[in-house]
file coords11.csv (CSV, C-alpha atoms)
chain,number,residue,atom,x,y,z
Z,4,MET,CA,-31.6,-32.8,28.3
Z,5,SER,CA,-32.1,-29.6,30.1
Z,6,SER,CA,-29.0,-28.2,28.4
Z,7,LEU,CA,-30.7,-28.5,25.0
Z,8,VAL,CA,-33.0,-25.5,25.9
Z,9,ASP,CA,-29.9,-23.5,26.9
Z,10,LEU,CA,-27.9,-23.7,23.7
Z,11,PRO,CA,-25.3,-21.0,23.2
Z,12,PRO,CA,-26.6,-18.2,20.9
Z,13,GLN,CA,-26.2,-18.3,17.2
Z,14,ARG,CA,-23.4,-16.3,15.8
Z,15,PRO,CA,-22.5,-15.2,12.3
Z,16,LEU,CA,-19.3,-16.1,10.5
Z,17,PRO,CA,-16.9,-13.3,11.0
Z,18,PRO,CA,-17.8,-11.1,8.0
Z,19,ALA,CA,-14.3,-10.5,6.5
Z,20,ARG,CA,-13.4,-14.2,6.8
Z,21,ALA,CA,-16.7,-15.2,5.3
Z,22,ARG,CA,-16.0,-13.0,2.3
Z,23,ALA,CA,-12.6,-14.5,1.9
Z,24,ARG,CA,-14.0,-18.1,2.1
Z,25,GLN,CA,-16.7,-17.2,-0.4
Z,26,ALA,CA,-14.1,-15.9,-2.8
Z,27,LEU,CA,-12.1,-19.2,-2.4
Z,28,LEU,CA,-15.3,-21.3,-3.0
Z,29,GLU,CA,-16.2,-19.2,-6.1
Z,30,GLN,CA,-12.7,-19.8,-7.4
Z,31,TYR,CA,-13.0,-23.5,-6.7
Z,32,ALA,CA,-16.4,-23.8,-8.4
Z,33,SER,CA,-15.1,-21.8,-11.4
Z,34,THR,CA,-12.2,-24.2,-11.9
Z,35,PRO,CA,-12.8,-26.8,-14.7
Z,36,VAL,CA,-12.7,-30.2,-13.1
Z,37,ARG,CA,-10.5,-32.9,-14.6
Z,38,MET,CA,-12.7,-35.8,-15.4
Z,39,PRO,CA,-12.2,-39.2,-13.9
Z,40,ARG,CA,-10.1,-41.6,-16.0
Z,41,ARG,CA,-13.1,-43.8,-17.1
Z,42,ARG,CA,-15.0,-40.7,-18.2
Z,43,ARG,CA,-11.9,-39.4,-20.1
Z,44,ILE,CA,-11.7,-42.7,-21.9
Z,45,ALA,CA,-15.4,-42.6,-22.7
Z,46,ARG,CA,-15.0,-39.1,-23.9
Z,47,TYR,CA,-12.0,-40.0,-26.0
Z,48,LEU,CA,-14.0,-42.8,-27.7
Z,49,ALA,CA,-16.9,-40.4,-28.3
Z,50,VAL,CA,-14.5,-37.8,-29.8
Z,51,THR,CA,-13.0,-40.5,-32.0
Z,52,ALA,CA,-16.4,-41.5,-33.2
Z,53,ALA,CA,-17.2,-37.9,-33.9
Z,54,GLY,CA,-14.0,-37.6,-35.9
Z,55,SER,CA,-15.0,-40.4,-38.1
Z,56,THR,CA,-18.3,-38.8,-38.6
Z,57,LEU,CA,-16.5,-35.7,-39.7
Z,58,LEU,CA,-14.3,-37.6,-42.1
Z,59,PHE,CA,-17.1,-39.6,-43.7
Z,60,GLY,CA,-20.0,-37.3,-43.2
Z,61,GLY,CA,-18.3,-34.0,-43.6
Z,62,ALA,CA,-20.4,-32.5,-40.8
Z,63,ALA,CA,-18.3,-29.8,-39.4
Z,64,ALA,CA,-21.0,-28.9,-36.9
Z,65,ALA,CA,-20.3,-32.2,-35.1
Z,66,TYR,CA,-17.0,-30.8,-34.1
Z,67,VAL,CA,-18.6,-27.8,-32.6
Z,68,ALA,CA,-21.0,-30.1,-30.6
Z,69,TYR,CA,-18.2,-32.2,-29.2
Z,70,ARG,CA,-15.5,-29.7,-28.6
Z,71,PRO,CA,-14.4,-29.4,-24.9
Z,72,ALA,CA,-16.3,-27.0,-22.8
Z,73,SER,CA,-14.2,-24.4,-21.0
Z,74,VAL,CA,-14.9,-21.6,-18.7
Z,75,PRO,CA,-15.3,-18.3,-20.7
Z,76,VAL,CA,-12.4,-15.9,-20.1
Z,77,GLU,CA,-15.0,-13.3,-19.1
Z,78,ASP,CA,-15.7,-15.4,-16.0
Z,79,GLN,CA,-12.2,-15.2,-14.7
Z,80,THR,CA,-10.3,-12.5,-12.8
Z,81,ARG,CA,-6.6,-12.9,-11.8
Z,82,CYS,CA,-5.2,-11.2,-8.7
Z,83,TYR,CA,-1.5,-10.7,-9.3
Z,84,THR,CA,0.9,-10.2,-6.4
Z,85,VAL,CA,3.5,-8.3,-8.5
Z,86,ALA,CA,3.2,-6.0,-11.5
Z,87,SER,CA,4.6,-8.6,-13.8
Z,88,LEU,CA,3.4,-11.1,-16.4
Z,89,ASP,CA,6.2,-13.5,-15.6
Z,90,GLY,CA,5.1,-17.1,-15.4
Z,91,GLY,CA,2.6,-16.8,-18.3
Z,92,ASP,CA,-0.8,-18.4,-17.7
Z,93,SER,CA,0.2,-21.4,-15.7
Z,94,ASP,CA,2.7,-20.1,-13.2
Z,95,PHE,CA,2.0,-16.5,-12.6
Z,96,HIS,CA,2.4,-14.6,-9.4
Z,97,GLY,CA,-1.1,-14.6,-7.9
Z,98,THR,CA,-4.3,-16.5,-8.1
Z,99,THR,CA,-7.4,-16.8,-10.2
Z,100,VAL,CA,-10.7,-16.0,-8.7
Z,101,GLY,CA,-14.3,-15.9,-9.8
Z,102,ARG,CA,-16.2,-13.3,-11.8
Z,103,ALA,CA,-15.8,-9.6,-11.1
Z,104,TRP,CA,-19.1,-8.2,-12.2
Z,105,SER,CA,-20.7,-5.0,-11.2
Z,106,GLY,CA,-24.3,-4.7,-10.2
Z,107,ASP,CA,-25.6,-4.0,-13.8
Z,108,GLY,CA,-24.1,-7.3,-15.1
Z,109,GLN,CA,-21.1,-5.7,-16.7
Z,110,ARG,CA,-17.5,-6.6,-15.9
Z,111,SER,CA,-15.9,-3.6,-14.2
Z,112,ALA,CA,-12.6,-2.5,-13.0
Z,113,ALA,CA,-14.1,-1.5,-9.6
Z,114,ALA,CA,-15.6,-4.9,-9.0
Z,115,ALA,CA,-12.4,-6.7,-10.0
Z,116,VAL,CA,-10.3,-4.4,-7.7
Z,117,GLU,CA,-12.8,-4.9,-4.9
Z,118,LEU,CA,-12.6,-8.7,-5.2
Z,119,CYS,CA,-8.8,-8.8,-5.1
Z,120,ALA,CA,-8.6,-6.2,-2.4
Z,121,ALA,CA,-10.6,-8.5,-0.1
Z,122,LEU,CA,-8.1,-11.2,-0.6
Z,123,TRP,CA,-5.2,-8.8,0.1
Z,124,GLN,CA,-7.0,-7.7,3.3
Z,125,GLN,CA,-7.4,-11.2,4.5
Z,126,GLY,CA,-3.7,-11.9,4.0
Z,127,VAL,CA,-4.6,-14.6,1.5
Z,128,LEU,CA,-2.4,-12.7,-1.1
Z,129,GLU,CA,1.1,-11.7,-0.3
Z,130,ALA,CA,3.4,-9.6,-2.4
Z,131,GLY,CA,5.4,-11.7,-4.8
Z,132,ALA,CA,3.7,-15.0,-3.8
Z,133,LYS,CA,2.4,-17.5,-6.3
Z,134,GLY,CA,-1.1,-18.8,-5.5
Z,135,VAL,CA,-2.7,-18.1,-2.2
Z,136,ARG,CA,-0.9,-17.9,1.1
Z,137,PRO,CA,-0.7,-21.3,2.8
Z,138,PRO,CA,-2.2,-21.7,6.2
Z,139,GLU,CA,1.2,-22.5,7.7
Z,140,GLY,CA,2.6,-19.3,6.3
Z,141,GLY,CA,2.7,-17.6,9.7
Z,142,ALA,CA,-0.2,-15.3,9.7
Z,143,LYS,CA,0.3,-12.3,11.8
Z,144,GLU,CA,-0.9,-12.9,15.4
Z,145,VAL,CA,-3.2,-10.1,16.3
Z,146,GLY,CA,-4.7,-10.8,19.7
Z,147,PRO,CA,-7.1,-8.7,21.7
Z,148,SER,CA,-4.3,-7.6,23.9
Z,149,ALA,CA,-2.2,-6.4,20.9
Z,150,GLY,CA,-4.7,-3.8,19.9
Z,151,VAL,CA,-7.2,-3.9,17.0
Z,152,VAL,CA,-5.5,-4.5,13.7
Z,153,PRO,CA,-8.3,-5.9,11.6
Z,154,THR,CA,-6.8,-6.2,8.2
Z,155,VAL,CA,-3.6,-6.4,6.2
Z,156,PRO,CA,-2.8,-3.2,4.3
Z,157,VAL,CA,-3.9,-3.3,0.6
Z,158,PRO,CA,-1.5,-1.9,-2.0
Z,159,PRO,CA,-2.8,0.4,-4.7
Z,160,LEU,CA,-4.4,-1.9,-7.3
Z,161,GLN,CA,-5.0,-1.5,-11.0
Z,162,ALA,CA,-7.3,-3.5,-13.2
Z,163,CYS,CA,-6.1,-4.4,-16.7
Z,164,VAL,CA,-7.2,-6.8,-19.4
Z,165,LEU,CA,-4.8,-9.6,-20.5
Z,166,ASP,CA,-4.3,-10.4,-24.2
Z,167,ASN,CA,-6.6,-13.4,-23.8
Z,168,GLY,CA,-9.4,-11.3,-22.4
Z,169,ILE,CA,-9.0,-12.3,-18.7
Z,170,ALA,CA,-9.3,-9.4,-16.2
Z,171,ALA,CA,-6.1,-9.0,-14.2
Z,172,VAL,CA,-5.6,-6.8,-11.1
Z,173,PHE,CA,-2.0,-5.8,-10.4
Z,174,PRO,CA,-0.4,-3.9,-7.5
Z,175,GLY,CA,0.9,-0.6,-8.9
Z,176,ASP,CA,0.0,2.9,-10.0
Z,177,THR,CA,-2.1,4.2,-12.8
Z,178,GLY,CA,0.6,3.6,-15.4
Z,179,THR,CA,0.9,-0.1,-14.6
Z,180,CYS,CA,-1.3,-1.4,-17.3
Z,181,ALA,CA,0.5,0.6,-20.0
Z,182,ARG,CA,3.9,-0.5,-18.7
Z,183,LEU,CA,2.8,-4.1,-19.1
Z,184,GLY,CA,1.5,-3.5,-22.5
Z,185,LEU,CA,-2.1,-4.1,-21.4
Z,186,ALA,CA,-5.3,-2.3,-21.8
Z,187,LYS,CA,-7.1,-0.9,-18.8
Z,188,LEU,CA,-10.3,-2.7,-17.7
Z,189,ALA,CA,-13.2,-0.3,-18.1
Z,190,GLY,CA,-15.3,0.8,-15.2
W,1,MET,CA,-18.5,-11.6,-5.2
W,2,GLY,CA,-19.3,-8.6,-7.2
W,3,GLN,CA,-22.3,-10.2,-8.9
W,4,HIS,CA,-25.8,-9.7,-7.5
W,5,PHE,CA,-28.5,-12.3,-7.6
W,6,ASP,CA,-32.2,-12.1,-7.1
W,7,PRO,CA,-32.9,-13.3,-3.6
W,8,ARG,CA,-35.9,-15.1,-5.0
W,9,THR,CA,-33.7,-17.3,-7.2
W,10,PRO,CA,-34.0,-20.9,-5.9
W,11,ASP,CA,-30.8,-22.4,-4.6
W,12,LEU,CA,-31.0,-25.2,-7.2
W,13,ASP,CA,-31.1,-22.6,-10.0
W,14,LEU,CA,-28.0,-21.0,-8.6
W,15,LEU,CA,-26.4,-24.5,-8.4
W,16,ALA,CA,-27.2,-24.9,-12.1
W,17,GLN,CA,-25.7,-21.6,-12.9
W,18,ALA,CA,-22.6,-22.5,-11.0
W,19,GLU,CA,-22.5,-25.8,-12.9
W,20,SER,CA,-22.4,-23.9,-16.2
W,21,GLY,CA,-19.4,-21.9,-15.1
W,22,THR,CA,-20.7,-19.1,-12.9
W,23,GLY,CA,-18.7,-19.6,-9.8
W,24,ALA,CA,-20.3,-16.6,-8.2
W,25,ALA,CA,-23.6,-18.4,-8.1
W,26,PHE,CA,-22.1,-21.0,-5.8
W,27,GLY,CA,-20.7,-18.1,-3.8
W,28,GLU,CA,-24.3,-16.8,-3.4
W,29,ILE,CA,-25.4,-20.1,-2.0
W,30,PHE,CA,-22.6,-19.8,0.5
W,31,ARG,CA,-23.6,-16.3,1.4
W,32,ARG,CA,-27.2,-17.4,2.0
W,33,HIS,CA,-26.5,-20.4,4.2
W,34,SER,CA,-23.0,-20.2,5.6
W,35,ASP,CA,-24.2,-18.8,9.0
W,36,ALA,CA,-26.7,-21.6,9.4
W,37,VAL,CA,-24.1,-24.2,8.5
W,38,TYR,CA,-21.5,-22.5,10.7
W,39,ASN,CA,-23.8,-22.7,13.7
W,40,HIS,CA,-24.9,-26.3,13.0
W,41,CYS,CA,-21.2,-27.3,12.8
W,42,PHE,CA,-20.5,-25.5,16.0
W,43,ARG,CA,-23.3,-27.4,17.7
W,44,ARG,CA,-21.8,-30.7,16.6
W,45,LEU,CA,-18.1,-29.8,17.3
W,46,GLY,CA,-18.2,-27.4,20.2
W,47,SER,CA,-15.5,-25.2,18.7
W,48,TRP,CA,-16.1,-22.0,16.7
W,49,SER,CA,-12.8,-22.3,14.9
W,50,SER,CA,-13.3,-25.9,13.9
W,51,ALA,CA,-16.8,-25.0,12.9
W,52,GLU,CA,-15.5,-22.3,10.5
W,53,ASP,CA,-13.2,-24.8,8.7
W,54,ALA,CA,-16.0,-27.4,8.7
W,55,THR,CA,-18.3,-24.9,7.1
W,56,SER,CA,-16.0,-24.5,4.1
W,57,LEU,CA,-15.7,-28.3,3.9
W,58,VAL,CA,-19.4,-28.6,3.8
W,59,PHE,CA,-19.7,-26.4,0.8
W,60,LEU,CA,-16.7,-28.1,-0.9
W,61,GLU,CA,-18.3,-31.5,-0.4
W,62,THR,CA,-21.7,-30.1,-1.6
W,63,TRP,CA,-20.0,-28.9,-4.8
W,64,ARG,CA,-18.4,-32.3,-5.2
W,65,GLY,CA,-21.7,-34.1,-4.8
W,66,ARG,CA,-23.8,-31.4,-6.5
W,67,ALA,CA,-25.3,-33.9,-8.9
W,68,ARG,CA,-27.2,-35.6,-6.0
W,69,ALA,CA,-28.3,-32.3,-4.3
W,70,VAL,CA,-31.9,-32.1,-3.3
W,71,GLY,CA,-33.8,-28.8,-2.6
W,72,VAL,CA,-36.7,-28.4,-0.2
W,73,ASP,CA,-39.0,-25.6,-1.3
W,74,GLY,CA,-36.2,-24.2,-3.3
W,75,SER,CA,-33.7,-24.3,-0.4
W,76,LEU,CA,-30.6,-26.3,-0.2
W,77,LEU,CA,-30.3,-25.8,3.5
W,78,PRO,CA,-31.6,-29.2,4.7
W,79,TRP,CA,-29.3,-30.8,2.2
W,80,LEU,CA,-26.3,-28.7,3.4
W,81,LEU,CA,-27.0,-29.6,7.1
W,82,GLY,CA,-27.1,-33.3,6.1
W,83,VAL,CA,-23.7,-32.9,4.4
W,84,ALA,CA,-22.6,-31.1,7.6
W,85,ASN,CA,-23.5,-34.1,9.7
W,86,ASN,CA,-21.3,-36.3,7.6
W,87,VAL,CA,-18.4,-33.7,7.5
W,88,VAL,CA,-18.3,-33.2,11.3
W,89,ARG,CA,-18.2,-37.0,11.8
W,90,ASN,CA,-14.8,-37.0,10.2
W,91,VAL,CA,-13.5,-33.5,9.5
W,92,ALA,CA,-10.0,-34.8,8.8
W,93,ARG,CA,-11.1,-37.3,6.2
W,94,ALA,CA,-13.1,-34.6,4.4
W,95,ALA,CA,-10.2,-32.1,4.6
W,96,ARG,CA,-7.8,-34.5,2.9
W,97,ARG,CA,-9.8,-34.3,-0.3
W,98,TYR,CA,-8.8,-30.7,-0.7
W,99,ASP,CA,-5.6,-28.6,-0.6
W,100,ALA,CA,-5.4,-27.0,2.8
W,101,ALA,CA,-5.4,-23.6,1.0
W,102,GLN,CA,-8.8,-24.4,-0.4
W,103,PHE,CA,-10.5,-24.3,2.9
W,104,ARG,CA,-8.3,-22.9,5.5
W,105,LEU,CA,-7.4,-19.2,6.0
W,106,PRO,CA,-4.5,-17.8,7.9
W,107,ALA,CA,-5.1,-18.3,11.6
W,108,GLY,CA,-4.6,-14.7,12.5
W,109,PRO,CA,-7.8,-12.9,13.4
W,110,VAL,CA,-8.8,-10.4,10.8
W,111,GLU,CA,-11.9,-9.1,12.6
W,112,PRO,CA,-11.8,-6.7,15.5
W,113,ASP,CA,-11.4,-9.1,18.4
W,114,HIS,CA,-12.8,-7.6,21.6
W,115,ALA,CA,-12.2,-9.2,24.9
W,116,ASP,CA,-15.9,-9.5,25.6
W,117,GLU,CA,-16.5,-11.3,22.2
W,118,VAL,CA,-13.6,-13.7,22.9
W,119,ALA,CA,-14.9,-14.5,26.4
W,120,SER,CA,-18.5,-15.0,25.1
W,121,ARG,CA,-17.2,-17.5,22.5
W,122,LEU,CA,-15.2,-19.3,25.1
W,123,ASP,CA,-18.3,-19.5,27.2
W,124,ASP,CA,-20.3,-20.8,24.2
W,125,GLU,CA,-17.8,-23.6,23.7
W,126,ARG,CA,-18.0,-24.6,27.4
W,127,ARG,CA,-21.8,-24.7,27.3
W,128,MET,CA,-21.8,-26.6,24.1
W,129,ARG,CA,-19.4,-29.2,25.3
W,130,GLU,CA,-21.7,-29.8,28.1
W,131,VAL,CA,-24.6,-30.4,25.7
W,132,LEU,CA,-22.5,-32.6,23.5
W,133,ARG,CA,-21.5,-34.7,26.5
W,134,ARG,CA,-25.1,-35.5,27.1
W,135,ILE,CA,-25.9,-36.2,23.5
W,136,ALA,CA,-23.0,-38.5,23.3
W,137,THR,CA,-25.0,-41.1,25.1
W,138,LEU,CA,-27.2,-41.4,22.1
W,139,GLY,CA,-26.6,-43.5,19.0
W,140,ALA,CA,-25.1,-41.7,15.9
W,141,ASP,CA,-28.4,-41.7,14.1
W,142,GLU,CA,-30.2,-40.3,17.0
W,143,GLN,CA,-27.6,-37.6,17.5
W,144,ASP,CA,-28.1,-36.5,13.9
W,145,VAL,CA,-31.8,-36.2,14.3
W,146,VAL,CA,-31.4,-34.3,17.6
W,147,ALA,CA,-28.9,-31.9,16.0
W,148,LEU,CA,-31.1,-31.2,12.9
W,149,VAL,CA,-34.5,-31.0,14.5
W,150,LEU,CA,-34.0,-29.8,18.1
W,151,MET,CA,-30.9,-27.7,17.6
W,152,SER,CA,-31.1,-26.4,14.0
W,153,GLY,CA,-34.8,-26.2,13.8
W,154,LEU,CA,-35.5,-28.3,10.7
W,155,SER,CA,-38.9,-29.8,10.3
W,156,TYR,CA,-39.3,-33.6,10.3
W,157,ALA,CA,-39.7,-33.4,6.5
W,158,GLN,CA,-36.6,-31.3,6.0
W,159,ALA,CA,-34.6,-33.6,8.4
W,160,ALA,CA,-35.8,-36.6,6.3
W,161,VAL,CA,-34.3,-35.0,3.2
W,162,ALA,CA,-31.1,-34.1,5.0
W,163,LEU,CA,-30.7,-37.7,6.3
W,164,GLY,CA,-32.1,-39.5,3.3
W,165,VAL,CA,-34.6,-41.5,5.4
W,166,PRO,CA,-38.4,-41.5,5.6
W,167,VAL,CA,-40.2,-39.0,7.8
W,168,GLY,CA,-41.4,-41.7,10.0
W,169,THR,CA,-37.9,-42.8,10.7
W,170,VAL,CA,-37.0,-39.2,11.8
W,171,ARG,CA,-40.0,-39.2,14.1
W,172,SER,CA,-39.2,-42.5,15.7
W,173,ARG,CA,-35.5,-41.7,16.1
W,174,LEU,CA,-36.3,-38.4,17.8
W,175,SER,CA,-38.8,-40.1,20.1
W,176,ARG,CA,-36.2,-42.6,21.1
W,177,ALA,CA,-33.7,-39.9,21.7
W,178,ARG,CA,-36.1,-38.0,23.9
W,179,GLU,CA,-36.8,-41.1,25.9
W,180,ARG,CA,-33.1,-41.9,26.4
W,181,LEU,CA,-32.3,-38.3,27.3
W,182,ALA,CA,-35.2,-38.2,29.8
W,183,ALA,CA,-34.0,-41.4,31.3
W,184,LEU,CA,-30.5,-40.0,31.6
W,185,GLU,CA,-31.9,-36.9,33.3
W,186,ARG,CA,-33.8,-39.0,35.8
W,187,ALA,CA,-30.8,-41.2,36.5
W,188,GLN,CA,-28.7,-38.2,37.2
W,189,SER,CA,-31.3,-36.4,39.3
W,190,GLU,CA,-32.1,-39.4,41.6
W,191,PRO,CA,-28.6,-39.8,43.0
W,192,ALA,CA,-28.3,-36.1,43.3
W,193,GLN,CA,-31.4,-36.0,45.4
W,194,SER,CA,-30.5,-38.9,47.6
W,195,GLU,CA,-26.9,-37.9,48.1
W,196,PRO,CA,-26.8,-34.1,47.6
W,197,ALA,CA,-23.5,-33.7,49.4
W,198,GLN,CA,-21.6,-36.2,47.2
W,199,PRO,CA,-21.5,-35.1,43.5
W,200,ASP,CA,-19.7,-37.6,41.2
W,201,PRO,CA,-16.3,-36.1,40.5
W,202,ALA,CA,-15.9,-38.3,37.4
W,203,GLN,CA,-18.7,-36.6,35.7
W,204,PRO,CA,-18.3,-32.9,36.3
W,205,GLY,CA,-21.0,-30.7,35.0
W,206,LEU,CA,-23.6,-33.3,34.2
W,207,VAL,CA,-26.1,-31.5,36.4
W,208,PRO,CA,-25.6,-27.9,35.4
W,209,ASP,CA,-25.9,-25.2,38.0
W,210,ALA,CA,-28.7,-23.7,36.0
W,211,VAL,CA,-30.8,-26.8,36.5
W,212,GLN,CA,-30.0,-27.1,40.2
W,213,SER,CA,-31.1,-23.6,40.7
W,214,ARG,CA,-34.1,-23.8,38.4
W,215,PRO,CA,-36.3,-26.8,39.2
W,216,GLU,CA,-38.7,-25.9,36.4
W,217,LEU,CA,-36.0,-27.0,33.9
W,218,ALA,CA,-35.9,-30.5,35.4
W,219,ASP,CA,-39.0,-31.5,33.3
W,220,VAL,CA,-37.9,-30.1,29.9
W,221,ALA,CA,-36.6,-33.5,28.7
W,222,ALA,CA,-40.1,-34.4,27.6
W,223,THR,CA,-40.7,-31.1,25.8
W,224,PRO,CA,-37.6,-29.5,24.3
W,225,ARG,CA,-39.2,-26.9,22.2
W,226,THR,CA,-37.0,-23.9,22.3
W,227,HIS,CA,-35.0,-24.6,19.1
W,228,GLU,CA,-37.6,-26.7,17.4
W,229,SER,CA,-39.3,-25.7,14.2
W,230,LYS,CA,-43.1,-25.3,14.4
W,231,GLU,CA,-43.5,-27.0,11.1
W,232,THR,CA,-44.9,-30.5,10.7
W,233,ARG,CA,-45.1,-31.4,14.3
call {"tool": "encode", "arguments": {"input": "coords11.csv", "output": "structure tokens"}}
result
Amino acid sequence: MSSLVDLPPQRPLPPARARARQALLEQYASTPVRMPRRRRIARYLAVTAAGSTLLFGGAAAAYVAYRPASVPVEDQTRCYTVASLDGGDSDFHGTTVGRAWSGDGQRSAAAAVELCAALWQQGVLEAGAKGVRPPEGGAKEVGPSAGVVPTVPVPPLQACVLDNGIAAVFPGDTGTCARLGLAKLAG
Amino acid sequence: MGQHFDPRTPDLDLLAQAESGTGAAFGEIFRRHSDAVYNHCFRRLGSWSSAEDATSLVFLETWRGRARAVGVDGSLLPWLLGVANNVVRNVARAARRYDAAQFRLPAGPVEPDHADEVASRLDDERRMREVLRRIATLGADEQDVVALVLMSGLSYAQAAVALGVPVGTVRSRLSRARERLAALERAQSEPAQSEPAQPDPAQPGLVPDAVQSRPELADVAATPRTHESKETR
């Protein structure tokens, strides 16, 4: 029991890793969850009933009430690993993360770039990769004896807006958004 | 991560915001409590690296079970530590629910790793394993209460929320745990006094050097206060 009064000191999560984990959790919490099968069936029946109501009642508002909820595009930011739109929305080179808001509540290019830069720094993003880097991906071993190399270099990043309104951060120069036919994200 | 939240916003309100699609609100809950969860997991696992992965799992499991979450005075921390108790009991099972990429980061250090820091963390782990070896003599329920109240400083009421049991049960489990640990301490000290030249090689470290050199610590079993919350005693 004596050891209980001699617990090791508390320590914080390493800050950079904590930020990366926070970003992953935000992404996870922002991802719409596929409902369990029973709930999907129940929802299907509910929607069918609503459809009947529409047919016979002519209440268009019912559709609005029952239409599937989705995360607003304003809540999403994509961190691309190449300056390319290949792969469309489902198989693009990069990953989707949570919001990129500035302190005044407005979506901003600086906040989006900062968010993606943190993932690059952690090695979570890798040039040309789809999704995040898997843990078995052979992270660079940087031990104390090898000198202090705290982060992975971050390429120059540009924040653009996709046609569907989602913020997208690409590696590239200031002309990247224009070359991809996209508008720049303000701020 | 770019969004700022009022620090007075209760955790449950943040959870509601996250539920409505604001993932950053859940990130704010992580920012507030990740260190406490990290240290609690370390005290249950004895490894800083395992504690780091377990911390992410705790938040993923909390998100998964958010409909059942309970706040205490606006804080989710007791609930999170209760989830942590379940996660550390079977890290592998909890991890299987999620893609590895969802909770594990590349193993390479991304912080400046100084030799002193590495040595300190290794020493932490050695000391913690010693504590865990002692606590392992308790039942699982008693271990949970000891970890929450004596190590992480929750009040009895907060521990009751974390464990989903009445406050009286927390009190009785803790009392039982203290008695058993005190009995263990006595059992270890008696042979040590009668046969000081023959330490048991099968149980290295059960009588730490710190105790042998500091007789005043021999009596702490009855009053382990250092990490205890002052509330509701």
call {"tool": "closest_residue", "arguments": {"input": "coords11.csv", "among": "W:Val88, W:Leu57, W:Leu181, W:Ala160", "to": "chain Z", "atoms": "all atoms listed in the file"}}
result
W:Leu181
call {"tool": "closest_residue", "arguments": {"input": "coords11.csv", "among": "W:Thr169, W:Asn90, W:Thr55, W:Gln3", "to": "Ser34 of chain W", "atoms": "all atoms listed in the file"}}
result
W:Thr55
call {"tool": "residues_near_point", "arguments": {"input": "coords11.csv", "point": "(-5.6, -4.5, -19.9)", "cutoff": "10 Å", "atoms": "all atoms listed in the file", "output": "ChimeraX atom specification"}}
result
/Z:161-172,179-181,183-189
call {"tool": "residues_around", "arguments": {"input": "coords11.csv", "residues": "segment 87-102 of chain Z", "least_positions_apart": "5", "cutoff": "9 Å", "atoms": "only C-alpha atoms", "output": "NGL selection string"}}
result
(:Z and (26-34 or 77-82 or 110 or 114-115 or 118-119 or 128-135 or 171 or 173 or 183)) or (:W and (1-3 or 22-24))
call {"tool": "closest_residue", "arguments": {"input": "coords11.csv", "among": "W:Glu142, W:Asp13, W:Asp73, W:Glu117", "to": "chain Z", "atoms": "only C-alpha atoms"}}
result
W:Glu117
call {"tool": "residues_around", "arguments": {"input": "coords11.csv", "residues": "Arg180 of chain W", "least_positions_apart": "2", "cutoff": "12 Å", "atoms": "all atoms listed in the file", "output": "PyMOL selection string"}}
result
(chain Z and resi 4) or (chain W and resi 134-139+142-143+146+173-178+182-187+221-222)
call {"tool": "closest_residue", "arguments": {"input": "coords11.csv", "among": "Z:Pro12, Z:Gly190, Z:Pro159, Z:Gly175", "to": "chain W", "atoms": "only C-alpha atoms"}}
result
Z:Pro12
call {"tool": "atom_distance", "arguments": {"input": "coords11.csv", "atom1": "atom CA of Asp124 of chain W", "atom2": "atom CA of Gln25 of chain Z"}}
result
25.1 Å
call {"tool": "atom_distance", "arguments": {"input": "coords11.csv", "atom1": "atom CA of Gln158 of chain W", "atom2": "atom CA of Pro78 of chain W"}}
result
5.6 Å
call {"tool": "atom_distance", "arguments": {"input": "coords11.csv", "atom1": "atom CA of Ala157 of chain W", "atom2": "atom CA of Glu130 of chain W"}}
result
28.3 Å
call {"tool": "residues_around", "arguments": {"input": "coords11.csv", "residues": "segment 125-128 of chain W", "least_positions_apart": "5", "cutoff": "8 Å", "atoms": "all atoms listed in the file", "output": "ChimeraX atom specification"}}
result
/Z:10-11 /W:43,46-48
